[in-house]
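Structure data (PDB, C-alpha atoms and all ligand atoms) from entry.pdb:
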ATOM      1  CA  MET U 517      -5.451-123.644  68.645
ATOM      2  CA  ASN U 518      -4.912-123.687  72.352
ATOM      3  CA  ILE U 519      -4.851-120.124  73.760
ATOM      4  CA  VAL U 520      -1.614-120.870  75.654
ATOM      5  CA  ILE U 521       0.170-121.854  72.425
ATOM      6  CA  ILE U 522      -1.097-118.708  70.696
ATOM      7  CA  LEU U 523       0.204-116.565  73.567
ATOM      8  CA  LEU U 524       3.574-118.363  73.521
ATOM      9  CA  ILE U 525       3.970-117.811  69.750
ATOM     10  CA  ALA U 526       3.039-114.137  70.152
ATOM     11  CA  ALA U 527       5.567-113.725  72.991
ATOM     12  CA  ALA U 528       8.322-115.396  70.934
ATOM     13  CA  GLY U 529       7.493-113.127  67.995
ATOM     14  CA  LEU U 530       7.684-110.035  70.178
ATOM     15  CA  PHE U 531      10.993-111.199  71.685
ATOM     16  CA  ILE U 532      12.627-111.824  68.288
ATOM     17  CA  GLY U 533      11.204-108.594  66.849
ATOM     18  CA  GLY U 534      12.423-106.664  69.902
ATOM     19  CA  ARG U 535      15.944-108.074  69.641
ATOM     20  CA  TRP U 536      16.064-107.319  65.919
ATOM     21  CA  ALA U 537      14.886-103.728  66.489
ATOM     22  CA  LEU U 538      17.448-103.279  69.274
ATOM     23  CA  LYS U 539      20.273-104.562  67.054
ATOM     24  CA  ARG U 540      19.178-102.292  64.251
ATOM     25  CA  ARG U 541      19.047 -99.261  66.568
ATOM     26  CA  ARG U 542      22.528-100.085  67.869
ATOM     27  CA  THR U 543      23.882-100.351  64.300
ATOM     28  CA  GLU U 544      22.292 -97.045  63.308
ATOM     29  CA  ALA U 545      23.794 -95.344  66.366
ATOM     30  CA  LEU U 546      27.273 -96.662  65.479
ATOM     31  CA  LEU U 547      26.924 -95.516  61.868
ATOM     32  CA  ALA U 548      25.811 -92.027  62.939
ATOM     33  CA  ALA U 549      28.419 -91.546  65.669
ATOM     34  CA  PRO U 550      31.564 -89.525  64.963
ATOM     35  CA  LEU U 551      34.854 -91.395  65.057
ATOM     36  CA  PRO U 552      36.739 -90.826  68.360
ATOM     37  CA  GLY U 553      39.346 -88.061  67.943
ATOM     38  CA  GLU U 554      42.323 -90.318  68.679
ATOM     39  CA  PHE U 555      41.195 -92.740  65.942
ATOM     40  CA  ARG U 556      40.852 -89.875  63.481
ATOM     41  CA  GLN U 557      44.399 -88.784  64.331
ATOM     42  CA  ILE U 558      45.663 -92.286  63.592
ATOM     43  CA  LEU U 559      43.986 -92.219  60.188
ATOM     44  CA  ARG U 560      45.237 -88.718  59.364
ATOM     45  CA  ALA U 561      48.793 -89.838  60.122
ATOM     46  CA  HIS U 562      48.798 -93.355  58.656
ATOM     47  CA  VAL U 563      46.097 -93.596  55.985
ATOM     48  CA  PRO U 564      46.604 -90.747  53.481
ATOM     49  CA  ILE U 565      43.581 -91.768  51.377
ATOM     50  CA  TYR U 566      41.393 -90.859  54.404
ATOM     51  CA  ASN U 567      42.480 -87.225  54.002
ATOM     52  CA  ALA U 568      41.659 -87.280  50.282
ATOM     53  CA  LEU U 569      38.032 -88.348  50.792
ATOM     54  CA  PRO U 570      35.222 -85.897  50.105
ATOM     55  CA  HIS U 571      33.662 -84.734  53.393
ATOM     56  CA  GLU U 572      30.407 -86.699  53.055
ATOM     57  CA  LEU U 573      32.226 -89.951  52.305
ATOM     58  CA  ARG U 574      34.616 -89.433  55.209
ATOM     59  CA  LYS U 575      31.637 -89.057  57.532
ATOM     60  CA  ARG U 576      30.119 -92.271  56.219
ATOM     61  CA  LEU U 577      33.463 -94.040  56.530
ATOM     62  CA  ASP U 578      33.753 -92.925  60.172
ATOM     63  CA  GLY U 579      30.405 -94.577  60.932
ATOM     64  CA  LEU U 580      31.359 -97.785  59.148
ATOM     65  CA  ILE U 581      34.656 -97.941  61.065
ATOM     66  CA  ASN U 582      32.717 -97.566  64.349
ATOM     67  CA  ARG U 583      30.512-100.475  63.350
ATOM     68  CA  PHE U 584      33.428-102.606  62.125
ATOM     69  CA  LEU U 585      35.348-102.127  65.379
ATOM     70  CA  ALA U 586      32.252-102.941  67.431
ATOM     71  CA  GLU U 587      31.298-106.089  65.514
ATOM     72  CA  LYS U 588      34.491-107.692  64.199
ATOM     73  CA  LYS U 589      37.043-109.365  66.451
ATOM     74  CA  PHE U 590      40.782-108.979  65.897
ATOM     75  CA  TYR U 591      43.245-111.650  66.994
ATOM     76  CA  GLY U 592      47.026-111.330  67.034
ATOM     77  CA  SER U 593      49.066-114.310  65.815
ATOM     78  CA  GLN U 594      52.654-115.255  66.696
ATOM     79  CA  GLY U 595      52.479-113.253  69.915
ATOM     80  CA  LEU U 596      51.364-110.015  68.254
ATOM     81  CA  GLU U 597      49.371-107.718  70.523
ATOM     82  CA  VAL U 598      46.737-106.007  68.398
ATOM     83  CA  THR U 599      46.701-102.260  69.091
ATOM     84  CA  ASP U 600      44.051 -99.624  68.373
ATOM     85  CA  GLU U 601      46.263 -98.349  65.558
ATOM     86  CA  MET U 602      46.191-101.758  63.865
ATOM     87  CA  ARG U 603      42.445-102.164  64.278
ATOM     88  CA  VAL U 604      41.631 -98.660  63.021
ATOM     89  CA  VAL U 605      44.028 -98.735  60.044
ATOM     90  CA  ILE U 606      42.722-102.132  58.916
ATOM     91  CA  ALA U 607      39.056-101.239  59.515
ATOM     92  CA  ALA U 608      39.366 -97.993  57.543
ATOM     93  CA  GLN U 609      40.749 -99.718  54.453
ATOM     94  CA  ALA U 610      38.206-102.540  54.631
ATOM     95  CA  CYS U 611      35.287-100.145  55.028
ATOM     96  CA  LEU U 612      36.478 -97.829  52.267
ATOM     97  CA  LEU U 613      35.418-100.488  49.751
ATOM     98  CA  ILE U 614      31.794-100.298  50.893
ATOM     99  CA  VAL U 615      31.686 -96.641  51.905
ATOM    100  CA  ASN U 616      29.175 -95.745  49.210
ATOM    101  CA  LYS U 617      27.491 -99.110  48.710
ATOM    102  CA  GLU U 618      24.084 -98.793  50.320
ATOM    103  CA  ASN U 619      23.335-101.453  52.973
ATOM    104  CA  ARG U 620      26.387-103.561  52.139
ATOM    105  CA  TRP U 621      28.262-105.146  54.996
ATOM    106  CA  TYR U 622      30.729-107.961  55.618
ATOM    107  CA  ASN U 623      27.983-110.088  57.128
ATOM    108  CA  THR U 624      29.723-113.467  57.160
ATOM    109  CA  LEU U 625      33.096-112.151  58.316
ATOM    110  CA  HIS U 626      33.538-112.178  62.089
ATOM    111  CA  THR U 627      37.278-112.289  62.716
ATOM    112  CA  ILE U 628      40.499-110.764  61.414
ATOM    113  CA  HIS U 629      43.766-112.480  62.299
ATOM    114  CA  VAL U 630      46.867-110.317  62.270
ATOM    115  CA  TYR U 631      50.440-111.575  61.926
ATOM    116  CA  PRO U 632      53.368-109.255  62.629
ATOM    117  CA  ALA U 633      54.889-109.825  59.164
ATOM    118  CA  VAL U 634      54.475-112.068  56.121
ATOM    119  CA  PHE U 635      53.489-115.600  57.062
ATOM    120  CA  SER U 636      53.450-118.976  55.426
ATOM    121  CA  SER U 637      50.308-121.034  55.112
ATOM    122  CA  ARG U 638      50.153-124.798  54.752
ATOM    123  CA  MET U 639      48.627-125.998  51.477
ATOM    124  CA  MET U 640      48.339-129.355  49.769
ATOM    125  CA  ARG U 641      48.915-129.522  46.014
ATOM    126  CA  ALA U 642      48.707-132.445  43.628
ATOM    127  CA  GLU U 643      52.000-133.224  41.921
ATOM    128  CA  GLY U 644      51.346-136.092  39.556
ATOM    129  CA  ASN U 645      49.509-138.673  41.635
ATOM    130  CA  VAL U 646      50.951-137.456  44.928
ATOM    131  CA  MET U 647      49.610-134.715  47.217
ATOM    132  CA  MET U 648      52.554-132.584  48.320
ATOM    133  CA  GLU U 649      52.582-130.056  51.131
ATOM    134  CA  HIS U 650      53.911-126.615  50.307
ATOM    135  CA  ARG U 651      54.044-123.401  52.295
ATOM    136  CA  PRO U 652      53.696-120.258  50.188
ATOM    137  CA  VAL U 653      54.653-116.974  51.886
ATOM    138  CA  ARG U 654      51.733-114.576  52.071
ATOM    139  CA  SER U 655      50.936-111.013  53.112
ATOM    140  CA  GLY U 656      47.219-111.769  53.359
ATOM    141  CA  GLU U 657      44.542-114.392  52.907
ATOM    142  CA  SER U 658      40.765-114.292  52.572
ATOM    143  CA  TRP U 659      38.700-117.349  53.394
ATOM    144  CA  ALA U 660      35.226-117.838  51.980
ATOM    145  CA  ARG U 661      32.717-116.335  54.469
ATOM    146  CA  GLY U 662      35.678-115.081  56.574
ATOM    147  CA  PRO U 663      38.093-114.843  58.258
ATOM    148  CA  VAL U 664      40.633-112.484  56.734
ATOM    149  CA  ILE U 665      44.285-112.977  57.663
ATOM    150  CA  LEU U 666      46.740-110.090  57.311
ATOM    151  CA  SER U 667      50.360-109.307  57.942
ATOM    152  CA  TRP U 668      50.479-106.053  59.888
ATOM    153  CA  ASP U 669      53.656-104.665  58.300
ATOM    154  CA  GLN U 670      52.147-105.164  54.825
ATOM    155  CA  ALA U 671      48.748-103.754  55.873
ATOM    156  CA  ALA U 672      50.425-100.655  57.372
ATOM    157  CA  TYR U 673      52.709-100.139  54.372
ATOM    158  CA  GLY U 674      49.795-100.631  51.967
ATOM    159  CA  ALA U 675      47.839 -97.898  53.748
ATOM    160  CA  PHE U 676      50.781 -95.504  53.877
ATOM    161  CA  ALA U 677      51.941 -96.005  50.255
ATOM    162  CA  ALA U 678      48.593 -94.867  48.938
ATOM    163  CA  HIS U 679      49.482 -94.526  45.256
ATOM    164  CA  ASP U 680      51.559 -97.576  44.380
ATOM    165  CA  GLY U 681      48.577 -99.695  43.382
ATOM    166  CA  HIS U 682      49.266-102.347  46.018
ATOM    167  CA  ASN U 683      47.061-102.700  49.060
ATOM    168  CA  VAL U 684      46.730-106.040  50.816
ATOM    169  CA  VAL U 685      43.719-105.033  52.944
ATOM    170  CA  MET U 686      41.699-103.866  49.954
ATOM    171  CA  HIS U 687      42.791-106.975  48.059
ATOM    172  CA  GLU U 688      41.579-109.413  50.719
ATOM    173  CA  PHE U 689      38.343-107.544  51.397
ATOM    174  CA  ALA U 690      37.617-107.413  47.653
ATOM    175  CA  HIS U 691      37.728-111.224  47.864
ATOM    176  CA  GLN U 692      35.202-111.056  50.735
ATOM    177  CA  LEU U 693      32.855-108.967  48.559
ATOM    178  CA  ASP U 694      33.432-111.301  45.622
ATOM    179  CA  ASN U 695      32.363-114.198  47.855
ATOM    180  CA  GLU U 696      28.949-112.645  48.625
ATOM    181  CA  THR U 697      27.515-114.748  45.803
ATOM    182  CA  GLY U 698      28.834-117.907  47.498
ATOM    183  CA  VAL U 699      31.656-118.288  44.958
ATOM    184  CA  THR U 700      34.873-116.270  44.743
ATOM    185  CA  ASP U 701      35.239-116.025  40.986
ATOM    186  CA  GLY U 702      35.641-112.366  40.078
ATOM    187  CA  SER U 703      31.882-111.910  39.572
ATOM    188  CA  PRO U 704      30.620-110.181  42.735
ATOM    189  CA  LEU U 705      27.008-109.428  43.545
ATOM    190  CA  LEU U 706      26.042-106.550  41.260
ATOM    191  CA  ASP U 707      23.484-103.851  41.935
ATOM    192  CA  LYS U 708      20.186-103.976  40.061
ATOM    193  CA  ASP U 709      21.239-101.231  37.648
ATOM    194  CA  GLN U 710      24.381-103.115  36.600
ATOM    195  CA  SER U 711      24.453-105.546  33.720
ATOM    196  CA  ALA U 712      25.964-108.948  34.514
ATOM    197  CA  SER U 713      26.692-109.659  30.854
ATOM    198  CA  ARG U 714      28.500-106.339  30.399
ATOM    199  CA  TRP U 715      30.513-106.986  33.581
ATOM    200  CA  ALA U 716      31.511-110.430  32.313
ATOM    201  CA  ARG U 717      32.514-109.106  28.890
ATOM    202  CA  VAL U 718      34.502-106.116  30.201
ATOM    203  CA  PHE U 719      36.318-108.173  32.826
ATOM    204  CA  GLN U 720      37.046-111.043  30.455
ATOM    205  CA  GLU U 721      38.554-108.695  27.864
ATOM    206  CA  ALA U 722      40.724-106.825  30.366
ATOM    207  CA  TYR U 723      41.746-110.110  32.009
ATOM    208  CA  SER U 724      42.822-111.517  28.618
ATOM    209  CA  ARG U 725      44.897-108.399  27.923
ATOM    210  CA  LEU U 726      46.612-108.757  31.304
ATOM    211  CA  ARG U 727      47.309-112.444  30.678
ATOM    212  CA  GLU U 728      48.843-111.642  27.289
ATOM    213  CA  ASP U 729      50.952-108.831  28.747
ATOM    214  CA  ALA U 730      52.064-110.998  31.657
ATOM    215  CA  ALA U 731      53.036-113.848  29.314
ATOM    216  CA  ALA U 732      54.994-111.458  27.075
ATOM    217  CA  GLY U 733      56.621-109.660  30.031
ATOM    218  CA  ARG U 734      54.918-106.391  29.015
ATOM    219  CA  ALA U 735      53.916-103.755  31.563
ATOM    220  CA  ASN U 736      50.221-103.347  32.345
ATOM    221  CA  VAL U 737      48.509-100.930  34.715
ATOM    222  CA  LEU U 738      47.485-104.032  36.697
ATOM    223  CA  ASP U 739      49.980-106.251  38.497
ATOM    224  CA  ALA U 740      50.713-109.533  36.716
ATOM    225  CA  TYR U 741      49.388-111.381  39.790
ATOM    226  CA  GLY U 742      45.931-110.452  38.519
ATOM    227  CA  ALA U 743      46.532-112.815  35.594
ATOM    228  CA  THR U 744      46.400-115.785  38.019
ATOM    229  CA  ASN U 745      42.613-116.200  37.719
ATOM    230  CA  PRO U 746      39.471-114.000  37.480
ATOM    231  CA  ALA U 747      39.124-113.738  41.295
ATOM    232  CA  GLU U 748      42.672-112.387  41.648
ATOM    233  CA  PHE U 749      42.021-110.111  38.690
ATOM    234  CA  PHE U 750      39.048-108.485  40.470
ATOM    235  CA  ALA U 751      41.063-108.070  43.706
ATOM    236  CA  VAL U 752      44.086-106.596  41.885
ATOM    237  CA  ALA U 753      41.845-104.283  39.813
ATOM    238  CA  THR U 754      40.234-103.085  43.065
ATOM    239  CA  GLU U 755      43.626-102.154  44.507
ATOM    240  CA  VAL U 756      44.425-100.068  41.422
ATOM    241  CA  PHE U 757      40.925 -98.546  41.273
ATOM    242  CA  PHE U 758      41.503 -97.038  44.728
ATOM    243  CA  GLU U 759      45.225 -96.325  44.561
ATOM    244  CA  ARG U 760      45.962 -95.404  40.915
ATOM    245  CA  PRO U 761      42.519 -94.506  39.567
ATOM    246  CA  LYS U 762      43.658 -92.027  36.932
ATOM    247  CA  ALA U 763      46.176 -94.482  35.506
ATOM    248  CA  LEU U 764      43.473 -97.160  35.435
ATOM    249  CA  ARG U 765      40.983 -94.817  33.756
ATOM    250  CA  ASP U 766      43.581 -93.912  31.090
ATOM    251  CA  ALA U 767      44.688 -97.495  30.402
ATOM    252  CA  GLU U 768      41.426 -99.392  30.918
ATOM    253  CA  PRO U 769      38.565 -96.842  30.717
ATOM    254  CA  VAL U 770      35.748 -99.375  30.365
ATOM    255  CA  LEU U 771      37.045-101.465  33.260
ATOM    256  CA  TYR U 772      37.308 -98.289  35.329
ATOM    257  CA  ASP U 773      33.661 -97.467  34.536
ATOM    258  CA  GLU U 774      32.503-100.926  35.651
ATOM    259  CA  LEU U 775      34.393-100.605  38.932
ATOM    260  CA  ARG U 776      33.074 -97.059  39.393
ATOM    261  CA  ASP U 777      29.521 -98.345  38.985
ATOM    262  CA  TYR U 778      30.179-101.296  41.299
ATOM    263  CA  TYR U 779      31.814 -99.334  44.123
ATOM    264  CA  ARG U 780      29.605 -96.277  43.432
ATOM    265  CA  LEU U 781      32.699 -94.105  43.692
ATOM    266  CA  ASP U 782      34.576 -91.945  41.215
ATOM    267  CA  THR U 783      37.993 -92.405  42.775
ATOM    268  CA  ALA U 784      39.758 -90.579  39.907
ATOM    269  CA  ASP U 785      38.048 -87.388  41.108
ATOM    270  CA  TRP U 786      39.551 -87.566  44.595
ATOM    271  CA  VAL U 787      42.398 -85.129  45.176
TER     272      VAL U 787
HETATM  273 ZN    ZN V   1      44.033-112.729  46.260
END
Take the structure I supplied and represent it as structure tokens, if you would.
Amino acid sequence: MNIVIILLIAAAGLFIGGRWALKRRRTEALLAAPLPGEFRQILRAHVPIYNALPHELRKRLDGLINRFLAEKKFYGSQGLEVTDEMRVVIAAQACLLIVNKENRWYNTLHTIHVYPAVFSSRMMRAEGNVMMEHRPVRSGESWARGPVILSWDQAAYGAFAAHDGHNVVMHEFAHQLDNETGVTDGSPLLDKDQSASRWARVFQEAYSRLREDAAAGRANVLDAYGATNPAEFFAVATEVFFERPKALRDAEPVLYDELRDYYRLDTADWV
């Protein structure tokens, strides 16, 4: 091979390797840095679950929030000006899901769009042979490989009401995790020590119970919205795993164990 070509390939390799190393160093610095004091104050005041975290996890969460704020772009919709409070409160809840999942990141998500309140989204639905437009009202939406769309009043209330089992940010970011496999179907990418067949069995059984309860109008620890389909079931179960973990462990102990192994967190132990 021509010596010039060899030198060019070597230079390109060094350039790409250098950029990769630089990016990695920048990420590590963000993950290791403490959260700015004013951001911590926002979380202490508006995200009660932040105060309940064990010290080590809170430190890890701080680093993930730094990275999230540095890498993800927030856009306000309908004239909303996105403030630091909005960015920090949303980032904290999104990152809580992966706080103890080694090397997991929202790689394909680049933007978060924030509406002031609930919004309607345009959808087409087949009615007989005709496609009809309808506009369901939503508090959040998660698109495959990003973006996530959120209503700020619902995101703020979800953070503040930490024990009602409803949290739109966790719900939409659970969908993002679910989509890591390329399909949002309630079967997220499991760690090597988790059994896919056990996950499928446990989730199918709990999902069937919720569907039966929802059809009969019976109460269940999980919101009836989770009976919509397996993807919604995983997102709804995630909300309850973080916000009402003891109730979930009592009512659905095997489902709780699967979620504990998936998120690598024992949320029922948090004070
Ligand atoms: Zn959903």
So what does the PyMOL selection byres (((chain U and resi 583) around 10) and not hetatm) actually pick up in this one, as a PyMOL selection string? chain U and resi 542-549+577-582+584-588+607+611+621
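The closest residue to Ala633 of chain U, picked from U:Ile565, U:Ala672, U:Val646, U:Ala716 and counting all atoms listed in the file, is U:Ala672.
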Test item: the PyMOL selection byres (((chain U and resi 677) around 12) and not hetatm) resolved as a ChimeraX atom specification: /U:562-565,669-676,678-684,755,758-760
One residue among U:Ala528, U:Val718, U:Ala731, U:Ala660 is nearest to Leu771 of chain U when using all atoms listed in the file, and that residue is U:Val718
Contacts of Asp739 of chain U within 9 Å, only C-alpha atoms, excl. fewer than 5 positions in-chain, as a ChimeraX atom specification: /U:681-682,726,730,749,752-753,756
Grab the residues selected above and save them as a compact mmCIF listing (two decimals), keeping the file's coordinate frame with C-alpha atoms.
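Just written: out-v8.txt:
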# COMPACT_ATOMS: atom_id res chain seq x y z
CA GLY U 681 48.58 -99.70 43.38
CA HIS U 682 49.27 -102.35 46.02
CA LEU U 726 46.61 -108.76 31.30
CA ALA U 730 52.06 -111.00 31.66
CA PHE U 749 42.02 -110.11 38.69
CA VAL U 752 44.09 -106.60 41.88
CA ALA U 753 41.84 -104.28 39.81
CA VAL U 756 44.42 -100.07 41.42
Any chance you could work out the residue set of the PyMOL selection byres (((not hetatm)) within 9 of (chain V and resi 1)) here, as a PDB file with C-alpha atoms, in the frame of the given file?
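The resulting out_21.pdb:
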ATOM      1  CA  GLY U 656      47.219-111.769  53.359  1.00  0.00           C
ATOM      2  CA  GLU U 657      44.542-114.392  52.907  1.00  0.00           C
ATOM      3  CA  SER U 658      40.765-114.292  52.572  1.00  0.00           C
ATOM      4  CA  VAL U 684      46.730-106.040  50.816  1.00  0.00           C
ATOM      5  CA  HIS U 687      42.791-106.975  48.059  1.00  0.00           C
ATOM      6  CA  GLU U 688      41.579-109.413  50.719  1.00  0.00           C
ATOM      7  CA  ALA U 690      37.617-107.413  47.653  1.00  0.00           C
ATOM      8  CA  HIS U 691      37.728-111.224  47.864  1.00  0.00           C
ATOM      9  CA  TYR U 741      49.388-111.381  39.790  1.00  0.00           C
ATOM     10  CA  GLY U 742      45.931-110.452  38.519  1.00  0.00           C
ATOM     11  CA  ALA U 747      39.124-113.738  41.295  1.00  0.00           C
ATOM     12  CA  GLU U 748      42.672-112.387  41.648  1.00  0.00           C
ATOM     13  CA  PHE U 749      42.021-110.111  38.690  1.00  0.00           C
ATOM     14  CA  PHE U 750      39.048-108.485  40.470  1.00  0.00           C
ATOM     15  CA  ALA U 751      41.063-108.070  43.706  1.00  0.00           C
ATOM     16  CA  VAL U 752      44.086-106.596  41.885  1.00  0.00           C
TER      17      VAL U 752
END
Edge lengths and centre in Å to one decimal, as lines of an AutoDock Vina configuration file, of the axis-aligned box that encloses all listed atoms of segment 525-536 of chain U with 3 Å added on every side?
center_x = 9.6
center_y = -112.2
center_z = 69.5
size_x = 19.0
size_y = 17.1
size_z = 13.1
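Each of U:Glu572, U:Glu597, U:Glu696, U:Asp777 was checked against Trp668 of chain U using all atoms listed in the file; the smallest atom-to-atom distance is that of U:Glu597.
In this model, the gap between atom CA of Arg574 of chain U and atom CA of Arg603 of chain U comes to 17.5 Å.
Straight-line separation from atom CA of Val634 of chain U to atom CA of Leu666 of chain U: 8.1 Å.
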Neighbour list for His629 of chain U as JSON, numbers by chain, cut-off 10 Å, all atoms listed in the file, skip fewer than 4 positions in-chain: {"U": [589, 590, 591, 592, 593, 596, 598, 656, 657, 663, 664, 665, 666, 667, 668]}
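Atom to atom, atom CA of Ala784 of chain U and atom CA of Phe757 of chain U stand 8.2 Å apart.
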Across U:Asp701, U:Asp782, U:Asp694, U:Glu768, the smallest distance to Arg661 of chain U, with all atoms listed in the file counted, is shown by U:Asp694
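The smallest atom-to-atom distance between Arg717 of chain U and any of U:Thr697, U:Glu774, U:Leu573, U:Met686, using all atoms listed in the file, is found for U:Glu774.
Comparing the minimum interatomic distances between Gly553 of chain U and each of U:Leu625, U:Val770, U:Leu705, U:Val604, counting all atoms listed in the file, we find that U:Val604 sits nearest.
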For Glu649 of chain U, find every residue with an atom within 8 Å (counting only C-alpha atoms), except residues of its own chain fewer than 3 positions away, and show them as a list in words. Arg638, Met639, Met640 and Arg641 of chain U
Output C-alpha atoms for every residue in the selection just made, as a PDB file, in the coordinates of the input.
ATOM      1  CA  ARG U 638      50.153-124.798  54.752  1.00  0.00           C
ATOM      2  CA  MET U 639      48.627-125.998  51.477  1.00  0.00           C
ATOM      3  CA  MET U 640      48.339-129.355  49.769  1.00  0.00           C
ATOM      4  CA  ARG U 641      48.915-129.522  46.014  1.00  0.00           C
TER       5      ARG U 641
END
